[in-house]
>>> print(open('run-v1.pdb').read())   # PDB, C-alpha atoms
ATOM      1  CA  MET A  37       0.000   0.000   0.000
ATOM      2  CA  VAL A  38       1.351   3.415  -0.916
ATOM      3  CA  LEU A  39       0.214   5.957   1.666
ATOM      4  CA  GLN A  40       1.639   9.333   2.510
ATOM      5  CA  ALA A  41       0.922  11.760   5.322
ATOM      6  CA  ARG A  42      -0.718  15.049   4.311
ATOM      7  CA  GLU A  43      -1.681  17.563   6.979
ATOM      8  CA  GLY A  44      -2.271  14.819   9.550
ATOM      9  CA  GLN A  45      -4.260  12.664   7.131
ATOM     10  CA  LEU A  46      -3.468   9.849   4.725
ATOM     11  CA  THR A  47      -3.242   9.919   0.960
ATOM     12  CA  THR A  48      -3.376   6.652  -0.891
ATOM     13  CA  SER A  49      -2.783   5.008  -4.252
ATOM     14  CA  ALA A  50      -2.588   1.448  -5.539
ATOM     15  CA  LEU A  51      -3.870  -0.885  -2.812
ATOM     16  CA  ARG A  52      -7.269  -0.033  -1.326
ATOM     17  CA  LEU A  53      -8.291  -0.014   2.335
ATOM     18  CA  LEU A  54     -11.711  -0.880   3.805
ATOM     19  CA  VAL A  55     -12.497   0.199   7.361
ATOM     20  CA  ALA A  56     -15.668  -1.222   8.916
ATOM     21  CA  THR A  57     -17.193   0.340  12.024
ATOM     22  CA  ALA A  58     -20.471  -0.488  13.732
ATOM     23  CA  VAL A  59     -22.191   2.894  13.865
ATOM     24  CA  PRO A  60     -21.941   6.266  12.070
ATOM     25  CA  ALA A  61     -20.262   8.003  15.038
ATOM     26  CA  GLU A  62     -17.342   5.558  14.810
ATOM     27  CA  ARG A  63     -17.277   5.821  11.011
ATOM     28  CA  ASP A  64     -17.050   9.608  11.236
ATOM     29  CA  ALA A  65     -14.282   9.436  13.852
ATOM     30  CA  VAL A  66     -12.167   7.296  11.522
ATOM     31  CA  ALA A  67     -13.077   9.284   8.401
ATOM     32  CA  ARG A  68     -11.726  12.459   9.964
ATOM     33  CA  ALA A  69      -8.275  10.914   9.447
ATOM     34  CA  LEU A  70      -9.002   8.729   6.398
ATOM     35  CA  ASP A  71     -11.644  10.517   4.311
ATOM     36  CA  LEU A  72      -9.727  10.147   1.048
ATOM     37  CA  PRO A  73     -10.008   8.368  -2.319
ATOM     38  CA  GLY A  74      -8.959   4.734  -2.135
ATOM     39  CA  VAL A  75      -9.943   4.435   1.525
ATOM     40  CA  ASP A  76     -13.549   3.499   2.255
ATOM     41  CA  VAL A  77     -14.947   3.807   5.761
ATOM     42  CA  ILE A  78     -18.368   2.236   6.255
ATOM     43  CA  ALA A  79     -20.778   1.689   9.133
ATOM     44  CA  VAL A  80     -21.780  -1.982   8.896
ATOM     45  CA  GLY A  81     -24.239  -2.226  11.782
ATOM     46  CA  VAL A  82     -24.081  -3.752  15.234
ATOM     47  CA  GLY A  83     -23.131  -7.377  15.796
ATOM     48  CA  PRO A  84     -21.116 -10.023  13.944
ATOM     49  CA  ALA A  85     -23.868 -11.036  11.504
ATOM     50  CA  GLN A  86     -24.462  -7.533  10.143
ATOM     51  CA  ALA A  87     -20.724  -6.856  10.138
ATOM     52  CA  ALA A  88     -20.014 -10.000   8.118
ATOM     53  CA  ALA A  89     -22.804  -9.354   5.619
ATOM     54  CA  ALA A  90     -21.947  -5.703   4.974
ATOM     55  CA  THR A  91     -18.197  -6.328   4.828
ATOM     56  CA  ALA A  92     -18.632  -9.248   2.439
ATOM     57  CA  THR A  93     -20.836  -7.093   0.214
ATOM     58  CA  ALA A  94     -18.230  -4.320   0.101
ATOM     59  CA  LEU A  95     -15.369  -6.743  -0.581
ATOM     60  CA  THR A  96     -17.316  -8.505  -3.331
ATOM     61  CA  ARG A  97     -18.322  -5.246  -5.011
ATOM     62  CA  ALA A  98     -14.722  -4.023  -5.010
ATOM     63  CA  ALA A  99     -13.475  -7.319  -6.459
ATOM     64  CA  LEU A 100     -16.097  -7.275  -9.217
ATOM     65  CA  GLU A 101     -15.085  -3.713 -10.077
ATOM     66  CA  GLY A 102     -11.494  -4.861 -10.502
ATOM     67  CA  ALA A 103     -10.211  -2.841  -7.548
ATOM     68  CA  PRO A 104     -10.116  -5.260  -4.595
ATOM     69  CA  TYR A 105      -9.254  -4.128  -1.100
ATOM     70  CA  GLY A 106      -5.834  -5.087   0.207
ATOM     71  CA  LEU A 107      -6.747  -4.806   3.890
ATOM     72  CA  ALA A 108      -9.971  -4.874   5.905
ATOM     73  CA  VAL A 109      -9.997  -3.147   9.281
ATOM     74  CA  SER A 110     -12.571  -3.521  12.043
ATOM     75  CA  ALA A 111     -12.500  -0.333  14.087
ATOM     76  CA  GLY A 112     -14.449   1.424  16.785
ATOM     77  CA  ILE A 113     -14.843   1.719  20.514
ATOM     78  CA  ALA A 114     -14.883  -1.225  22.896
ATOM     79  CA  GLY A 115     -15.068  -2.373  26.463
ATOM     80  CA  GLY A 116     -11.674  -2.979  28.057
ATOM     81  CA  PHE A 117     -10.738  -5.619  30.613
ATOM     82  CA  ALA A 118      -9.429  -3.822  33.689
ATOM     83  CA  PRO A 119      -6.678  -3.301  34.620
ATOM     84  CA  HIS A 120      -5.125  -4.551  31.393
ATOM     85  CA  ALA A 121      -6.873  -2.089  29.036
ATOM     86  CA  PRO A 122      -8.079   0.974  30.943
ATOM     87  CA  VAL A 123     -10.571   3.499  29.652
ATOM     88  CA  GLY A 124      -8.903   5.750  27.092
ATOM     89  CA  SER A 125      -6.360   3.179  25.930
ATOM     90  CA  LEU A 126      -6.036   1.671  22.457
ATOM     91  CA  VAL A 127      -6.034  -2.037  21.675
ATOM     92  CA  VAL A 128      -4.879  -3.749  18.486
ATOM     93  CA  ALA A 129      -5.950  -7.357  18.075
ATOM     94  CA  ASP A 130      -3.323 -10.044  17.699
ATOM     95  CA  GLU A 131      -6.257 -12.437  17.597
ATOM     96  CA  ILE A 132      -9.915 -11.834  16.819
ATOM     97  CA  THR A 133     -12.002 -14.418  18.662
ATOM     98  CA  ALA A 134     -15.704 -15.203  18.759
ATOM     99  CA  ALA A 135     -16.057 -15.620  22.509
ATOM    100  CA  ASP A 136     -19.640 -16.889  22.704
ATOM    101  CA  LEU A 137     -19.889 -19.026  19.549
ATOM    102  CA  GLY A 138     -20.403 -22.532  20.892
ATOM    103  CA  ALA A 139     -22.409 -24.412  23.481
ATOM    104  CA  GLU A 140     -23.006 -24.254  27.209
ATOM    105  CA  THR A 141     -22.544 -27.614  28.943
ATOM    106  CA  PRO A 142     -22.665 -28.817  32.569
ATOM    107  CA  ASP A 143     -18.857 -28.654  32.480
ATOM    108  CA  GLY A 144     -18.739 -25.131  31.084
ATOM    109  CA  PHE A 145     -18.595 -23.420  27.710
ATOM    110  CA  LEU A 146     -17.392 -25.285  24.598
ATOM    111  CA  PRO A 147     -16.297 -23.254  21.565
ATOM    112  CA  VAL A 148     -17.775 -24.329  18.267
ATOM    113  CA  THR A 149     -14.426 -25.764  17.186
ATOM    114  CA  GLU A 150     -14.623 -28.354  19.970
ATOM    115  CA  LEU A 151     -18.006 -29.359  18.583
ATOM    116  CA  GLY A 152     -16.335 -30.118  15.272
ATOM    117  CA  PHE A 153     -17.394 -27.013  13.322
ATOM    118  CA  GLY A 154     -15.901 -23.879  11.847
ATOM    119  CA  THR A 155     -13.420 -21.557  13.465
ATOM    120  CA  VAL A 156     -13.493 -19.111  16.356
ATOM    121  CA  THR A 157     -10.257 -17.184  15.853
ATOM    122  CA  HIS A 158      -8.632 -15.142  13.105
ATOM    123  CA  ARG A 159      -5.100 -13.795  13.444
ATOM    124  CA  PRO A 160      -4.094 -10.502  11.837
ATOM    125  CA  PRO A 161      -0.617 -10.250  10.260
ATOM    126  CA  GLU A 162       1.887 -10.322  13.131
ATOM    127  CA  ALA A 163       4.265  -7.747  11.661
ATOM    128  CA  LEU A 164       1.428  -5.317  11.000
ATOM    129  CA  VAL A 165       0.101  -5.691  14.545
ATOM    130  CA  ARG A 166       3.543  -4.916  15.962
ATOM    131  CA  GLU A 167       3.959  -1.868  13.768
ATOM    132  CA  VAL A 168       0.490  -0.540  14.561
ATOM    133  CA  ALA A 169       1.182  -0.987  18.274
ATOM    134  CA  THR A 170       4.450   0.922  17.992
ATOM    135  CA  ALA A 171       2.976   3.753  15.927
ATOM    136  CA  THR A 172      -0.204   4.309  17.943
ATOM    137  CA  GLY A 173       0.685   3.084  21.431
ATOM    138  CA  ALA A 174      -2.053   0.453  21.171
ATOM    139  CA  ARG A 175      -1.708  -2.602  23.379
ATOM    140  CA  PRO A 176      -1.610  -5.880  21.431
ATOM    141  CA  GLY A 177      -3.841  -8.682  22.670
ATOM    142  CA  ALA A 178      -6.988 -10.647  21.951
ATOM    143  CA  VAL A 179     -10.138  -8.720  21.109
ATOM    144  CA  LEU A 180     -13.239 -10.785  21.800
ATOM    145  CA  THR A 181     -16.342 -10.591  19.632
ATOM    146  CA  VAL A 182     -19.577 -11.128  21.556
ATOM    147  CA  SER A 183     -23.211 -11.081  20.515
ATOM    148  CA  THR A 184     -24.268 -10.055  24.032
ATOM    149  CA  VAL A 185     -22.247  -7.318  25.705
ATOM    150  CA  THR A 186     -20.936  -8.275  29.125
ATOM    151  CA  GLY A 187     -22.867  -6.667  31.970
ATOM    152  CA  THR A 188     -21.671  -8.500  35.080
ATOM    153  CA  ALA A 189     -18.407  -9.003  36.892
ATOM    154  CA  VAL A 190     -18.990 -12.758  36.859
ATOM    155  CA  ARG A 191     -19.144 -12.953  33.084
ATOM    156  CA  ALA A 192     -16.170 -10.634  32.708
ATOM    157  CA  ALA A 193     -14.127 -12.934  34.947
ATOM    158  CA  ARG A 194     -15.232 -16.009  33.022
ATOM    159  CA  LEU A 195     -14.246 -14.472  29.713
ATOM    160  CA  ARG A 196     -10.801 -13.573  30.992
ATOM    161  CA  GLU A 197     -10.415 -17.068  32.430
ATOM    162  CA  ARG A 198     -11.200 -18.624  29.045
ATOM    163  CA  HIS A 199      -9.171 -16.014  27.148
ATOM    164  CA  PRO A 200      -6.223 -14.952  29.343
ATOM    165  CA  THR A 201      -4.794 -12.580  26.726
ATOM    166  CA  ALA A 202      -8.087 -10.763  26.113
ATOM    167  CA  LEU A 203      -7.851  -6.982  26.398
ATOM    168  CA  ALA A 204     -11.212  -5.886  25.004
ATOM    169  CA  GLU A 205     -14.608  -7.003  23.816
ATOM    170  CA  ALA A 206     -16.681  -5.640  20.947
ATOM    171  CA  MET A 207     -19.370  -6.973  18.631
ATOM    172  CA  GLU A 208     -18.125  -6.817  15.033
ATOM    173  CA  GLY A 209     -14.503  -7.916  14.667
ATOM    174  CA  PHE A 210     -15.130 -11.609  14.067
ATOM    175  CA  GLY A 211     -17.779 -10.846  11.455
ATOM    176  CA  VAL A 212     -15.409  -8.552   9.557
ATOM    177  CA  ALA A 213     -12.657 -11.178   9.847
ATOM    178  CA  GLU A 214     -14.904 -13.972   8.537
ATOM    179  CA  ALA A 215     -15.802 -11.905   5.474
ATOM    180  CA  ALA A 216     -12.176 -10.955   4.903
ATOM    181  CA  ALA A 217     -11.062 -14.589   5.189
ATOM    182  CA  ALA A 218     -13.587 -15.614   2.535
ATOM    183  CA  HIS A 219     -11.873 -13.122   0.193
ATOM    184  CA  THR A 220      -8.348 -14.038   1.395
ATOM    185  CA  THR A 221      -7.993 -10.411   2.477
ATOM    186  CA  PRO A 222      -5.823  -9.625   5.520
ATOM    187  CA  VAL A 223      -7.686  -8.206   8.506
ATOM    188  CA  LEU A 224      -6.844  -5.869  11.385
ATOM    189  CA  GLU A 225      -8.852  -4.751  14.415
ATOM    190  CA  LEU A 226      -8.149  -1.500  16.252
ATOM    191  CA  ARG A 227     -10.262  -0.365  19.206
ATOM    192  CA  ALA A 228     -10.374   2.567  21.609
ATOM    193  CA  VAL A 229     -11.603   1.654  25.090
ATOM    194  CA  SER A 230     -14.641   3.632  26.200
ATOM    195  CA  ASN A 231     -15.693   1.641  29.280
ATOM    196  CA  PRO A 232     -14.653  -1.281  31.479
ATOM    197  CA  VAL A 233     -15.972  -4.766  30.719
ATOM    198  CA  GLY A 234     -18.268  -5.730  33.591
ATOM    199  CA  PRO A 235     -21.240  -4.195  35.405
ATOM    200  CA  ARG A 236     -22.915  -1.591  33.222
ATOM    201  CA  ASP A 237     -22.277   1.904  34.544
ATOM    202  CA  ARG A 238     -23.095   4.484  31.908
ATOM    203  CA  ALA A 239     -21.709   7.250  34.108
ATOM    204  CA  ALA A 240     -18.262   5.684  33.703
ATOM    205  CA  TRP A 241     -18.395   5.536  29.909
ATOM    206  CA  ARG A 242     -16.109   7.924  28.015
ATOM    207  CA  ILE A 243     -17.428   7.557  24.494
ATOM    208  CA  GLY A 244     -16.389  11.006  23.297
ATOM    209  CA  ASP A 245     -12.832  10.535  24.539
ATOM    210  CA  ALA A 246     -12.649   7.095  22.924
ATOM    211  CA  LEU A 247     -13.838   8.439  19.569
ATOM    212  CA  ALA A 248     -11.228  11.195  19.740
ATOM    213  CA  ALA A 249      -8.554   8.592  20.503
ATOM    214  CA  LEU A 250      -9.723   6.576  17.502
ATOM    215  CA  THR A 251      -9.290   9.573  15.207
ATOM    216  CA  GLU A 252      -5.840  10.266  16.612
ATOM    217  CA  ALA A 253      -4.791   6.634  16.212
ATOM    218  CA  PHE A 254      -5.751   6.454  12.550
ATOM    219  CA  GLY A 255      -3.938   9.709  11.953
ATOM    220  CA  LYS A 256      -0.730   8.000  13.116
ATOM    221  CA  LEU A 257      -1.000   4.990  10.823
ATOM    222  CA  ALA A 258       0.475   6.552   7.662
ATOM    223  CA  PRO A 259       4.094   5.428   8.251
ATOM    224  CA  VAL A 260       2.918   1.888   9.035
ATOM    225  CA  LEU A 261       0.611   1.437   6.093
ATOM    226  CA  GLU A 262       2.906   3.234   3.676
ATOM    227  CA  GLY A 263       5.363   0.350   3.599
ATOM    228  CA  TRP A 264       2.955  -2.527   4.217
ATOM    229  CA  HIS A 265       1.812  -5.019   1.577
ATOM    230  CA  PRO A 266      -0.565  -8.004   1.805
ATOM    231  CA  HIS A 267       2.318 -10.483   1.523
ATOM    232  CA  ASP A 268       3.886  -9.025   4.695
ATOM    233  CA  ARG A 269       2.346 -11.495   7.135
TER     234      ARG A 269
END
>>> encode(input="run-v1.pdb", output="structure tokens")
Amino acid sequence: MVLQAREGQLTTSALRLLVATAVPAERDAVARALDLPGVDVIAVGVGPAQAAAATATALTRAALEGAPYGLAVSAGIAGGFAPHAPVGSLVVADEITAADLGAETPDGFLPVTELGFGTVTHRPPEALVREVATATGARPGAVLTVSTVTGTAVRAARLRERHPTALAEAMEGFGVAEAAAAHTTPVLELRAVSNPVGPRDRAAWRIGDALAALTEAFGKLAPVLEGWHPHDR
């Protein structure tokens, strides 16, 4: 991908970039740094199913037009697992895992892979994750995709027990990654933490600050993406 910094933004040629957020507020926060030709930022809806469908549609359309995307990015705000990812911090996924795709049993939760089906984890390119972490200050770790946002301390503890490297949870990353995998397109997930994972306390949410951090993070990605290519895994 050929990207250059211009007044705190990115300019692009050659390889195209797709950024998928859940809602328009997240889309607009990213677009403030990436609102340029060759970079498409879309709001795909809430949850893994909508994210997968909308991302797959965008990837397919681009491929049919002869201008396929070279990287798909799931981006937005997220809940962070305290104390590992405090409110205001950035997280870049070194694995994107569907945390509640499986079955409950008397002995605990079984991921769908242990039932003999599918996959539950996608891994972004290691070198890209490292470079994004260095450029933005994001903490690398697992980002969990859930269909039901965690609202209790008990569930938060169980998720961390099953996924010891988890730093954040959101609702779209795995859907974006599934669509990208179907197109053999590399995937990345970058999140700004707006609230702790656990008991819901809206007074503790810092959505505005997280959106501002998201804009700032994408503004710092030019040097990373400038020299990155899909074969750099």
>>> atom_distance(input="run-v1.pdb", atom1="atom CA of A:Ala178", atom2="atom CA of A:Lys256")
21.6 Å
>>> resolve_selection(input="run-v1.pdb", expression="the PyMOL selection byres ((chain A and resi 160) around 8)", output="number ranges by chain")
A: 129-132, 158-159, 161-162, 164-165, 222-225
>>> residues_around(input="run-v1.pdb", residues="stretch 64-72 of chain A", least_positions_apart="2", cutoff="10 Å", atoms="only C-alpha atoms", output="PyMOL selection string")
chain A and resi 43-48+53+55-57+59-62+74-79+111-112+244+246-258
>>> residues_around(input="run-v1.pdb", residues="A:Gly81", least_positions_apart="5", cutoff="7 Å", atoms="only C-alpha atoms", output="list of chain:residue names")
A:Ala58, A:Val59, A:Gln86, A:Ala87
>>> resolve_selection(input="run-v1.pdb", expression="the PyMOL selection byres ((chain A and resi 133) around 10)", output="VMD selection string")
chain A and resid 129 to 132 134 to 137 155 to 159 178 to 182 199 202 205 209 to 211 213
>>> atom_distance(input="run-v1.pdb", atom1="atom CA of A:Arg227", atom2="atom CA of A:Leu203")
10.1 Å
>>> resolve_selection(input="run-v1.pdb", expression="the PyMOL selection byres ((chain A and resi 118) around 10)", output="list of chain:residue names")
A:Gly115, A:Gly116, A:Phe117, A:Pro119, A:His120, A:Ala121, A:Pro122, A:Val123, A:Ala192, A:Leu203, A:Ala204, A:Asn231, A:Pro232, A:Val233, A:Gly234
>>> write_last_selection(input="run-v1.pdb", atoms="C-alpha atoms", output="compact mmCIF listing (two decimals), in the coordinates of the input")
# COMPACT_ATOMS: atom_id res chain seq x y z
CA GLY A 115 -15.07 -2.37 26.46
CA GLY A 116 -11.67 -2.98 28.06
CA PHE A 117 -10.74 -5.62 30.61
CA PRO A 119 -6.68 -3.30 34.62
CA HIS A 120 -5.12 -4.55 31.39
CA ALA A 121 -6.87 -2.09 29.04
CA PRO A 122 -8.08 0.97 30.94
CA VAL A 123 -10.57 3.50 29.65
CA ALA A 192 -16.17 -10.63 32.71
CA LEU A 203 -7.85 -6.98 26.40
CA ALA A 204 -11.21 -5.89 25.00
CA ASN A 231 -15.69 1.64 29.28
CA PRO A 232 -14.65 -1.28 31.48
CA VAL A 233 -15.97 -4.77 30.72
CA GLY A 234 -18.27 -5.73 33.59
>>> atom_distance(input="run-v1.pdb", atom1="atom CA of A:Arg194", atom2="atom CA of A:Phe145")
9.7 Å
>>> closest_residue(input="run-v1.pdb", among="A:Ile243, A:Arg97, A:Ala103, A:Pro235", to="A:Ala193", atoms="only C-alpha atoms")
A:Pro235
>>> closest_atom_pairs(input="run-v1.pdb", of="stretch 154-255 of chain A", to="stretch 90-93 of chain A", cutoff="10 Å", atoms="all atoms listed in the file", output="CSV")
residue,atom,partner,partner_atom,distance
A:Gly211,CA,A:Thr91,CA,8.0
A:Val212,CA,A:Thr91,CA,5.9
A:Ala213,CA,A:Thr91,CA,8.9
A:Glu214,CA,A:Ala92,CA,8.6
A:Ala215,CA,A:Ala92,CA,4.9
A:Ala216,CA,A:Ala92,CA,7.1
A:Ala217,CA,A:Ala92,CA,9.7
A:Ala218,CA,A:Ala92,CA,8.1
A:His219,CA,A:Ala92,CA,8.1
>>> closest_residue(input="run-v1.pdb", among="A:Val168, A:Val82, A:Leu54, A:Ala240", to="A:Val109", atoms="all atoms listed in the file")
A:Leu54
>>> build_atoms(input="run-v1.pdb", residues="stretch 88-111 of chain A", atoms="N, CA, C and O atoms", output="short mmCIF file (atom, residue, chain, number, x, y, z; two decimals), in the coordinates of the input")
data_model
loop_
_atom_site.label_atom_id
_atom_site.label_comp_id
_atom_site.auth_asym_id
_atom_site.auth_seq_id
_atom_site.Cartn_x
_atom_site.Cartn_y
_atom_site.Cartn_z
N ALA A 88 -20.46 -9.06 9.14
CA ALA A 88 -20.01 -10.00 8.12
C ALA A 88 -20.72 -9.75 6.79
O ALA A 88 -20.09 -9.73 5.73
N ALA A 89 -22.03 -9.55 6.85
CA ALA A 89 -22.80 -9.35 5.62
C ALA A 89 -22.38 -8.09 4.89
O ALA A 89 -22.14 -8.10 3.67
N ALA A 90 -22.29 -6.98 5.62
CA ALA A 90 -21.95 -5.70 4.97
C ALA A 90 -20.50 -5.70 4.48
O ALA A 90 -20.21 -5.16 3.40
N THR A 91 -19.60 -6.27 5.25
CA THR A 91 -18.20 -6.33 4.83
C THR A 91 -18.04 -7.22 3.61
O THR A 91 -17.33 -6.86 2.65
N ALA A 92 -18.70 -8.36 3.60
CA ALA A 92 -18.63 -9.25 2.44
C ALA A 92 -19.17 -8.56 1.19
O ALA A 92 -18.62 -8.71 0.09
N THR A 93 -20.27 -7.82 1.35
CA THR A 93 -20.84 -7.09 0.21
C THR A 93 -19.84 -6.08 -0.34
O THR A 93 -19.65 -5.98 -1.56
N ALA A 94 -19.20 -5.33 0.54
CA ALA A 94 -18.23 -4.32 0.10
C ALA A 94 -17.02 -4.97 -0.57
O ALA A 94 -16.54 -4.48 -1.61
N LEU A 95 -16.52 -6.06 0.00
CA LEU A 95 -15.37 -6.74 -0.58
C LEU A 95 -15.71 -7.33 -1.94
O LEU A 95 -14.90 -7.27 -2.88
N THR A 96 -16.90 -7.91 -2.06
CA THR A 96 -17.32 -8.51 -3.33
C THR A 96 -17.48 -7.45 -4.40
O THR A 96 -17.03 -7.60 -5.55
N ARG A 97 -18.12 -6.32 -4.04
CA ARG A 97 -18.32 -5.25 -5.01
C ARG A 97 -16.98 -4.73 -5.52
O ARG A 97 -16.80 -4.51 -6.73
N ALA A 98 -16.04 -4.52 -4.61
CA ALA A 98 -14.72 -4.02 -5.01
C ALA A 98 -14.01 -5.02 -5.93
O ALA A 98 -13.38 -4.63 -6.92
N ALA A 99 -14.12 -6.30 -5.62
CA ALA A 99 -13.48 -7.32 -6.46
C ALA A 99 -14.09 -7.35 -7.85
O ALA A 99 -13.38 -7.45 -8.86
N LEU A 100 -15.42 -7.25 -7.93
CA LEU A 100 -16.10 -7.28 -9.22
C LEU A 100 -15.77 -6.04 -10.05
O LEU A 100 -15.78 -6.09 -11.29
N GLU A 101 -15.47 -4.94 -9.37
CA GLU A 101 -15.08 -3.71 -10.08
C GLU A 101 -13.62 -3.71 -10.50
O GLU A 101 -13.15 -2.76 -11.13
N GLY A 102 -12.90 -4.77 -10.14
CA GLY A 102 -11.49 -4.86 -10.50
C GLY A 102 -10.56 -4.06 -9.63
O GLY A 102 -9.41 -3.83 -10.00
N ALA A 103 -11.04 -3.62 -8.48
CA ALA A 103 -10.21 -2.84 -7.55
C ALA A 103 -10.37 -3.40 -6.14
O ALA A 103 -10.95 -2.75 -5.26
N PRO A 104 -9.90 -4.62 -5.90
CA PRO A 104 -10.12 -5.26 -4.60
C PRO A 104 -9.37 -4.54 -3.48
O PRO A 104 -8.36 -3.87 -3.70
N TYR A 105 -9.92 -4.68 -2.28
CA TYR A 105 -9.25 -4.13 -1.10
C TYR A 105 -8.06 -5.00 -0.72
O TYR A 105 -8.12 -6.23 -0.82
N GLY A 106 -7.01 -4.35 -0.24
CA GLY A 106 -5.83 -5.09 0.21
C GLY A 106 -5.80 -5.33 1.69
O GLY A 106 -5.01 -6.13 2.18
N LEU A 107 -6.69 -4.64 2.44
CA LEU A 107 -6.75 -4.81 3.89
C LEU A 107 -8.13 -4.40 4.37
O LEU A 107 -8.66 -3.38 3.94
N ALA A 108 -8.71 -5.21 5.25
CA ALA A 108 -9.97 -4.87 5.90
C ALA A 108 -9.69 -4.62 7.37
O ALA A 108 -8.98 -5.40 8.02
N VAL A 109 -10.24 -3.53 7.89
CA VAL A 109 -10.00 -3.15 9.28
C VAL A 109 -11.32 -3.03 10.02
O VAL A 109 -12.22 -2.32 9.57
N SER A 110 -11.44 -3.73 11.13
CA SER A 110 -12.57 -3.52 12.04
C SER A 110 -12.13 -2.49 13.07
O SER A 110 -11.09 -2.65 13.71
N ALA A 111 -12.91 -1.43 13.21
CA ALA A 111 -12.50 -0.33 14.09
C ALA A 111 -13.69 0.22 14.85
O ALA A 111 -14.83 0.12 14.42
#
